[in-house]
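To start, the structure itself, in structure tokens.
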Amino acid sequence: MTAASQYSRLPGRSGFFVSHSLWLSVDHVLSVRRNPFSESYRRYYFADIQAIVLTELPNLVAPYGYVAALLLIVTTAALFYTRHPAWGIFSALVSLGTLLWSWRSADCSCYVQTSVSSEMLPSLRQKVNAAKTLALLKTEIEKTQGAVGSEVLEARPADTRSRRVASPKAGLRHSSGRLHWIVFALMVIRGALSSPPLLGVASVPLNFATSGVGMLVLLFLVLAAVQQRNSDLAGDVRRVIYTALVFDLVSGVGGFLVGINIAFRLGPRATNHATIIANPALRALELLDLIGFCMLGLAGLILMWRHQRGSAPPPIEVGDSR
Amino acid sequence: MPLAPEHLACSSCNAPIPAEDWNREHAFCAMCRAPLAVLVFPAFFSQPSAASTGTSVLEAGEASCFYHPRKQAVVPCDRCGRFLCSLCQVEFLGQNWCPRCIQASSEKGQLAQLDPSRKLYDNLALMLALFPVLLVWPSIITAPVTLYLCARYWRAPSSIVPRTKARFYIAIVLAVLQIAAWIWLVLFLIYRR
């Protein structure tokens with residue numbers, strides 16, 4: 001039997017450019033991490049596996065649904081406002097993309113524990129596949145180790161049964177959230193800077209300011225997204241950052257397409273500010289930026305305030321002087 | 001997720017899962033109320049056995065370990081035949097191997113069972129055949145390089161999980177087509193005059 005022929009694929013897969021999958025062998029399960037040019041392997045022998053823990057995650061699909069609904073409303077409004085079919089196509093594409101993303105998003109996480117390590121199994125991120133895989137693995141592991149009787153669980157000493165780790169968020173890095181405050185404030189400013197063109201006001205300094213703040217927002221969003229990984233920041237705050245990052249990229253691509261469109265349509269007249277800002281597609285895009293950035297920025301600021309109020313240490317109690 | 005032994009934690013909030021919830025049909029995290037499935041196996045309860053350090057040679061004429069001359073040999077290596085003490089004996093693939101044979105075989109790529117990673121040359125060849133076509137002119141260099149890669153790594157060990165050579169075939173076909181297109185273009189430019 002060759003090395004390759006001893007493996008059979010287990011349900012579950014994650015990632016696109018860097019993907020993870022699980023493969024079953026006669027005496028071990030192989031976790032494969034594949035990038036476009038190489039694969040790396042982790043082997044978990046059935047005799048060594050102590051436990052597998054599967055946790056259903058809270059509804060992570062919902063935020064994508066909200067974003068899709070928001071984008072649909074804004075683009076539909078833009079469609080009626082501009083009467084340009086491009087907005088209908090844009091709306092359909094964005095909604096389809098968001099729905100596909102939400103369909104592929106994780107709804108569970110799973111880790112395997114051996115005597116020397118506890119490691120996540122990234123391929124088991126959807127409940128249906130995870131349940132099938134765990135059923136197969138349980139059968140194979142119990143063939144090797146046997147099953148744990150209820151008397152063994154009952155016989156565990158009380159001290160090990162009731163032991164608690166120091167903190168429920170042990171292993172998570174503390175984040176002060178300063179970067180998040182800055183990025184949310186910048187997003188509100190970025191949204192506010194979209195309002196003058198809607199009112200017919202346009203100038204070169206305003207364009208520079210909008211572009212500068214826009215670049216800062218993108219830079220800080222990327223930094224915040226990197227910094228918040230494995231941090232103790234609230235999940236809602238982290239999701240706002242990811243949503244804002246997607247929104248900023250969509251807005252950027254939309255702006256690029258609209259800019260190209262204006263350049264082709266206006267030709268030499270594209271240097272006239274008044275003509276440019278009168279373009280319905282550009283006005284719709286400014287409206288989208290105004291609503292999107294302001295809503296996401298304000299939501300982020302409120303969530304940060306709630307998070308920091310919730311995680312603040314309790315006030316020192318002054319003892320009774322009597 | 002580093003955890004102390006004897007602890008199982010919810011992967012959502014990292015709160016410990018009490019033993020009462022292990023191997024139960026429906027369990028919930030006490031902290032975040034997330035539904036859990038905790039499968040615990042007998043290895044969780046077993047204590048690791050102390051490793052043997054080998055027995056010292058007591059009498060003259062007793063076989064000693066090749067790597068530890070003061071230790072008594074207990075078994076020969078099934079690959080190189082050297083005598084091994086219980087410290088050096090490694091049970092691997094149902095045989096007794098010495099550490100040096102395992103290291104040598106692993107370095108030569110003969111042990112797929114120990115490989116921590118593999119290069120995917122077929123993917124590299126396919127991408128080299130595919131993406132430069134978008135810019136057209138780089139394909140005059142990348143097409144021959146693709147053919148070279150396919151020939152050079154055709155027999156190189158690929159993924160240890162089942163994988164066909166389809167990518168290599170597609171890369172070869174694309175590279176040959178690109179080379180043919182370039183030859184046609186050159187001939188066209190020459191004979192047009």
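By order of appearance in the structure tokens: chains A, B, ..., then residues from 1 within every chain, and ligands from 1 in the order shown.
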
*Skipping near chain neighbours, those fewer than 6 positions away, what residues fall within 8 Å of Ser159 (chain B) using only C-alpha atoms, listed as a PyMOL selection string?*
(chain A and resi 4+39) or (chain B and resi 118-120)

All residues 12 Å or closer to Arg163 (chain B), only C-alpha atoms, same chain fewer than 3 positions away omitted, as a PDB file with C-alpha atoms, in the first residue's frame:
```
ATOM      1  CA  ALA A   3       1.442   6.308   1.280  1.00  0.00           C
ATOM      2  CA  ALA A   4      -1.189   8.101  -0.810  1.00  0.00           C
ATOM      3  CA  SER A   5      -3.557   5.161  -1.164  1.00  0.00           C
ATOM      4  CA  TYR A   7      -5.711   8.006   3.000  1.00  0.00           C
ATOM      5  CA  SER A   8      -9.385   8.660   2.495  1.00  0.00           C
ATOM      6  CA  ARG A   9     -10.914  12.106   2.626  1.00  0.00           C
TER       7      ARG A   9
ATOM      8  CA  LEU B 120       3.444  20.883  -4.984  1.00  0.00           C
ATOM      9  CA  ASP B 122       2.423  20.341 -10.340  1.00  0.00           C
ATOM     10  CA  ASN B 123       0.593  23.421  -9.008  1.00  0.00           C
ATOM     11  CA  PRO B 157       7.142  12.892  -4.565  1.00  0.00           C
ATOM     12  CA  SER B 158       3.958  14.909  -4.645  1.00  0.00           C
ATOM     13  CA  SER B 159       1.266  15.182  -1.997  1.00  0.00           C
ATOM     14  CA  ILE B 160       1.015  12.253   0.410  1.00  0.00           C
ATOM     15  CA  ALA B 166      -3.691  16.073 -14.192  1.00  0.00           C
ATOM     16  CA  ARG B 167      -2.107  19.445 -13.359  1.00  0.00           C
ATOM     17  CA  PHE B 168       1.157  18.377 -14.945  1.00  0.00           C
TER      18      PHE B 168
END
```

Compile a residue-level contact table for chain B against chain A at a cut-off of 9 Å, reporting for every qualifying residue the shortest atom pair and its distance in Å to one decimal, with only C-alpha atoms counted, rows ordered by chain and ascending number, as a Markdown table.
```
| residue | atom | partner | partner_atom | distance |
| --- | --- | --- | --- | --- |
| B:Met1 | CA | A:Ser118 | CA | 5.9 |
| B:Pro2 | CA | A:Ser118 | CA | 6.3 |
| B:Leu3 | CA | A:Ser118 | CA | 7.0 |
| B:Ala4 | CA | A:Val165 | CA | 8.2 |
| B:Pro5 | CA | A:Ser115 | CA | 7.1 |
| B:Glu6 | CA | A:Thr160 | CA | 7.0 |
| B:His7 | CA | A:Val165 | CA | 7.8 |
| B:Leu8 | CA | A:Val53 | CA | 7.7 |
| B:Ala9 | CA | A:Val53 | CA | 7.9 |
| B:Cys10 | CA | A:Thr55 | CA | 6.4 |
| B:Ser11 | CA | A:Thr55 | CA | 6.0 |
| B:Ser12 | CA | A:Leu57 | CA | 6.5 |
| B:Cys13 | CA | A:Pro168 | CA | 6.3 |
| B:Asn14 | CA | A:Pro168 | CA | 5.2 |
| B:Ala15 | CA | A:Pro168 | CA | 4.4 |
| B:Pro16 | CA | A:Arg164 | CA | 6.0 |
| B:Ile17 | CA | A:Arg164 | CA | 8.6 |
| B:Pro18 | CA | A:Arg161 | CA | 6.0 |
| B:Ala19 | CA | A:Arg161 | CA | 5.5 |
| B:Glu20 | CA | A:Leu153 | CA | 7.7 |
| B:Trp22 | CA | A:Leu153 | CA | 8.1 |
| B:Asn23 | CA | A:Val148 | CA | 8.5 |
| B:Phe28 | CA | A:Thr55 | CA | 8.8 |
| B:Cys29 | CA | A:Thr55 | CA | 8.5 |
| B:Met31 | CA | A:Pro168 | CA | 8.0 |
| B:Ala34 | CA | A:Glu56 | CA | 5.8 |
| B:Pro35 | CA | A:Glu56 | CA | 5.4 |
| B:Leu36 | CA | A:Thr55 | CA | 4.6 |
| B:Ala37 | CA | A:Leu54 | CA | 5.0 |
| B:Val38 | CA | A:Val53 | CA | 4.6 |
| B:Leu39 | CA | A:Ile52 | CA | 5.1 |
| B:Val40 | CA | A:Ala51 | CA | 4.3 |
| B:Phe41 | CA | A:Gln50 | CA | 5.2 |
| B:Pro42 | CA | A:Val148 | CA | 5.6 |
| B:Ala43 | CA | A:Gln50 | CA | 4.9 |
| B:Phe44 | CA | A:Gln50 | CA | 4.4 |
| B:Phe45 | CA | A:Gln50 | CA | 8.1 |
| B:Pro48 | CA | A:Ser115 | CA | 8.5 |
| B:Leu111 | CA | A:Ala3 | CA | 8.8 |
| B:Ala112 | CA | A:Ala3 | CA | 6.2 |
| B:Gln113 | CA | A:Ala3 | CA | 7.2 |
| B:Leu114 | CA | A:Arg43 | CA | 8.9 |
| B:Asp115 | CA | A:Tyr41 | CA | 7.4 |
| B:Pro116 | CA | A:Tyr41 | CA | 5.1 |
| B:Ser117 | CA | A:Ser40 | CA | 4.0 |
| B:Arg118 | CA | A:Glu39 | CA | 5.3 |
| B:Lys119 | CA | A:Ser38 | CA | 4.2 |
| B:Leu120 | CA | A:Ser38 | CA | 4.9 |
| B:Tyr121 | CA | A:Phe37 | CA | 6.9 |
| B:Asp122 | CA | A:Phe37 | CA | 8.5 |
| B:Asn123 | CA | A:Phe37 | CA | 6.1 |
| B:Leu124 | CA | A:Phe37 | CA | 6.0 |
| B:Ser159 | CA | A:Glu39 | CA | 7.1 |
| B:Ile160 | CA | A:Ala4 | CA | 4.9 |
| B:Val161 | CA | A:Ala4 | CA | 4.5 |
| B:Pro162 | CA | A:Ala4 | CA | 4.9 |
| B:Arg163 | CA | A:Ala4 | CA | 7.8 |
```

_What does the structure give for the distance between CA of Gln47 (chain B) and CA of Phe92 (chain B), in Å to one decimal?_
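If I compute the distance from CA of Gln47 (chain B) to CA of Phe92 (chain B), I get 21.9 Å.
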
*Which polymer residues have any atom within 10 Å of an atom of Asp289 (chain A), counting only C-alpha atoms, with same-chain residues fewer than 3 positions away left out, as a ChimeraX atom specification?*
/A:74,187,190-195,247-248,251-252,255,283-286,292-295

For Val246 (chain A), work out the shell of residues within 12 Å, counting only C-alpha atoms and skipping chain neighbours fewer than 5 positions away, then give it as a PDB file with C-alpha atoms, in the first residue's frame.
```
ATOM      1  CA  TYR A  64     -23.381  39.383   6.781  1.00  0.00           C
ATOM      2  CA  VAL A  67     -24.651  44.085   5.571  1.00  0.00           C
ATOM      3  CA  ALA A  68     -26.356  42.496   2.543  1.00  0.00           C
ATOM      4  CA  LEU A  71     -26.267  47.340   0.738  1.00  0.00           C
ATOM      5  CA  VAL A  94     -22.995  42.343  -3.907  1.00  0.00           C
ATOM      6  CA  GLY A  97     -21.442  37.611  -2.918  1.00  0.00           C
ATOM      7  CA  THR A  98     -22.558  38.335   0.630  1.00  0.00           C
ATOM      8  CA  TRP A 101     -19.875  34.343   1.962  1.00  0.00           C
ATOM      9  CA  LEU A 218      -8.130  51.638   5.151  1.00  0.00           C
ATOM     10  CA  LEU A 221      -8.796  49.042   9.441  1.00  0.00           C
ATOM     11  CA  VAL A 222      -6.124  46.607   8.254  1.00  0.00           C
ATOM     12  CA  ALA A 225      -8.052  43.615  11.886  1.00  0.00           C
ATOM     13  CA  ARG A 239     -17.141  41.934  13.377  1.00  0.00           C
ATOM     14  CA  VAL A 240     -17.693  45.677  12.783  1.00  0.00           C
ATOM     15  CA  ILE A 241     -14.022  45.968  11.796  1.00  0.00           C
ATOM     16  CA  SER A 251     -16.690  51.262  -1.844  1.00  0.00           C
ATOM     17  CA  GLY A 252     -13.179  51.615  -3.260  1.00  0.00           C
ATOM     18  CA  VAL A 253     -13.913  49.272  -6.178  1.00  0.00           C
ATOM     19  CA  GLY A 292     -22.104  53.189   5.351  1.00  0.00           C
ATOM     20  CA  PHE A 293     -19.142  54.883   7.039  1.00  0.00           C
ATOM     21  CA  LEU A 296     -20.398  51.527  10.873  1.00  0.00           C
TER      22      LEU A 296
END
```

*Which of chain B DSSP labels alpha helix (DSSP H), written as an NGL selection string*: :B and (99-107 or 121-130 or 139-153 or 166-192)

*Separation of CA of Lys165 (chain B) and CA of Thr133 (chain A), in Å?*
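Value for the CA of Lys165 (chain B)-CA of Thr133 (chain A) distance: 27.7 Å.
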
*For CA of His26 (chain B) and CA of Leu10 (chain A), determine how far apart the two atoms are, in Å to one decimal place.*
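That distance, rounded to one decimal, is 23.6 Å.
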
*asked:* Need to verify the contact set: Arg83 (chain A), 10 Å, only C-alpha atoms, exclusion of same-chain residues closer than 6 positions in sequence. Can you return it as a PyMOL selection string?
replied: chain A and resi 76-77+280-281

Would you kindly return, as a PDB file with N, CA and C atoms, in the first residue's frame, each protein, DNA or RNA residue with an atom no farther than 10 Å from any atom of region 73-88 of chain B, considering only C-alpha atoms and excluding same-chain residues fewer than 6 positions away?
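Contents of part_33.pdb, as written:
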```
ATOM      1  N   ALA B  51       9.918   6.544  30.476  1.00  0.00           N
ATOM      2  CA  ALA B  51      10.744   5.962  29.416  1.00  0.00           C
ATOM      3  C   ALA B  51      11.885   5.146  30.035  1.00  0.00           C
ATOM      4  N   SER B  52      12.198   4.018  29.361  1.00  0.00           N
ATOM      5  CA  SER B  52      13.295   3.181  29.860  1.00  0.00           C
ATOM      6  C   SER B  52      14.643   3.791  29.468  1.00  0.00           C
ATOM      7  N   THR B  53      15.582   3.733  30.373  1.00  0.00           N
ATOM      8  CA  THR B  53      16.914   4.287  30.060  1.00  0.00           C
ATOM      9  C   THR B  53      17.906   3.188  29.698  1.00  0.00           C
ATOM     10  N   GLY B  54      17.440   1.948  29.690  1.00  0.00           N
ATOM     11  CA  GLY B  54      18.334   0.842  29.325  1.00  0.00           C
ATOM     12  C   GLY B  54      19.029   0.245  30.536  1.00  0.00           C
ATOM     13  N   THR B  55      19.382  -1.066  30.401  1.00  0.00           N
ATOM     14  CA  THR B  55      20.060  -1.768  31.499  1.00  0.00           C
ATOM     15  C   THR B  55      21.559  -1.782  31.241  1.00  0.00           C
ATOM     16  N   SER B  56      22.333  -1.582  32.294  1.00  0.00           N
ATOM     17  CA  SER B  56      23.798  -1.575  32.122  1.00  0.00           C
ATOM     18  C   SER B  56      24.311  -2.989  31.853  1.00  0.00           C
ATOM     19  N   VAL B  57      25.422  -3.072  31.117  1.00  0.00           N
ATOM     20  CA  VAL B  57      26.072  -4.365  30.848  1.00  0.00           C
ATOM     21  C   VAL B  57      26.703  -4.843  32.157  1.00  0.00           C
ATOM     22  N   GLU B  62      28.521  -9.865  27.085  1.00  0.00           N
ATOM     23  CA  GLU B  62      27.128  -9.529  26.796  1.00  0.00           C
ATOM     24  C   GLU B  62      27.090  -8.515  25.652  1.00  0.00           C
ATOM     25  N   ALA B  63      26.115  -8.675  24.768  1.00  0.00           N
ATOM     26  CA  ALA B  63      26.014  -7.727  23.649  1.00  0.00           C
ATOM     27  C   ALA B  63      25.640  -6.345  24.169  1.00  0.00           C
ATOM     28  N   SER B  64      26.347  -5.354  23.660  1.00  0.00           N
ATOM     29  CA  SER B  64      26.043  -3.992  24.105  1.00  0.00           C
ATOM     30  C   SER B  64      25.456  -3.179  22.952  1.00  0.00           C
ATOM     31  N   CYS B  65      24.848  -2.073  23.308  1.00  0.00           N
ATOM     32  CA  CYS B  65      24.210  -1.178  22.321  1.00  0.00           C
ATOM     33  C   CYS B  65      25.288  -0.509  21.459  1.00  0.00           C
ATOM     34  N   PHE B  66      24.996  -0.362  20.151  1.00  0.00           N
ATOM     35  CA  PHE B  66      25.971   0.271  19.246  1.00  0.00           C
ATOM     36  C   PHE B  66      26.216   1.729  19.651  1.00  0.00           C
ATOM     37  N   TYR B  67      25.151   2.397  20.077  1.00  0.00           N
ATOM     38  CA  TYR B  67      25.270   3.823  20.394  1.00  0.00           C
ATOM     39  C   TYR B  67      25.659   4.064  21.855  1.00  0.00           C
ATOM     40  N   GLN B  95       8.200  -2.428  13.136  1.00  0.00           N
ATOM     41  CA  GLN B  95       9.572  -2.940  13.190  1.00  0.00           C
ATOM     42  C   GLN B  95      10.351  -2.170  14.243  1.00  0.00           C
ATOM     43  N   ASN B  96      11.560  -2.685  14.531  1.00  0.00           N
ATOM     44  CA  ASN B  96      12.459  -1.962  15.440  1.00  0.00           C
ATOM     45  C   ASN B  96      13.489  -1.212  14.618  1.00  0.00           C
ATOM     46  N   TRP B  97      13.516   0.091  14.750  1.00  0.00           N
ATOM     47  CA  TRP B  97      14.454   0.923  13.997  1.00  0.00           C
ATOM     48  C   TRP B  97      15.364   1.655  14.979  1.00  0.00           C
ATOM     49  N   CYS B  98      16.572   1.993  14.500  1.00  0.00           N
ATOM     50  CA  CYS B  98      17.414   2.843  15.325  1.00  0.00           C
ATOM     51  C   CYS B  98      17.178   4.304  14.909  1.00  0.00           C
ATOM     52  N   PRO B  99      17.416   5.271  15.791  1.00  0.00           N
ATOM     53  CA  PRO B  99      17.138   6.677  15.471  1.00  0.00           C
ATOM     54  C   PRO B  99      17.867   7.154  14.220  1.00  0.00           C
ATOM     55  N   ARG B 100      19.086   6.634  13.993  1.00  0.00           N
ATOM     56  CA  ARG B 100      19.856   7.120  12.842  1.00  0.00           C
ATOM     57  C   ARG B 100      19.210   6.677  11.523  1.00  0.00           C
ATOM     58  N   CYS B 101      18.675   5.443  11.486  1.00  0.00           N
ATOM     59  CA  CYS B 101      18.007   4.969  10.257  1.00  0.00           C
ATOM     60  C   CYS B 101      16.750   5.791   9.982  1.00  0.00           C
ATOM     61  N   ILE B 102      16.031   6.140  11.038  1.00  0.00           N
ATOM     62  CA  ILE B 102      14.820   6.960  10.857  1.00  0.00           C
ATOM     63  C   ILE B 102      15.205   8.329  10.318  1.00  0.00           C
TER      64      ILE B 102
END
```
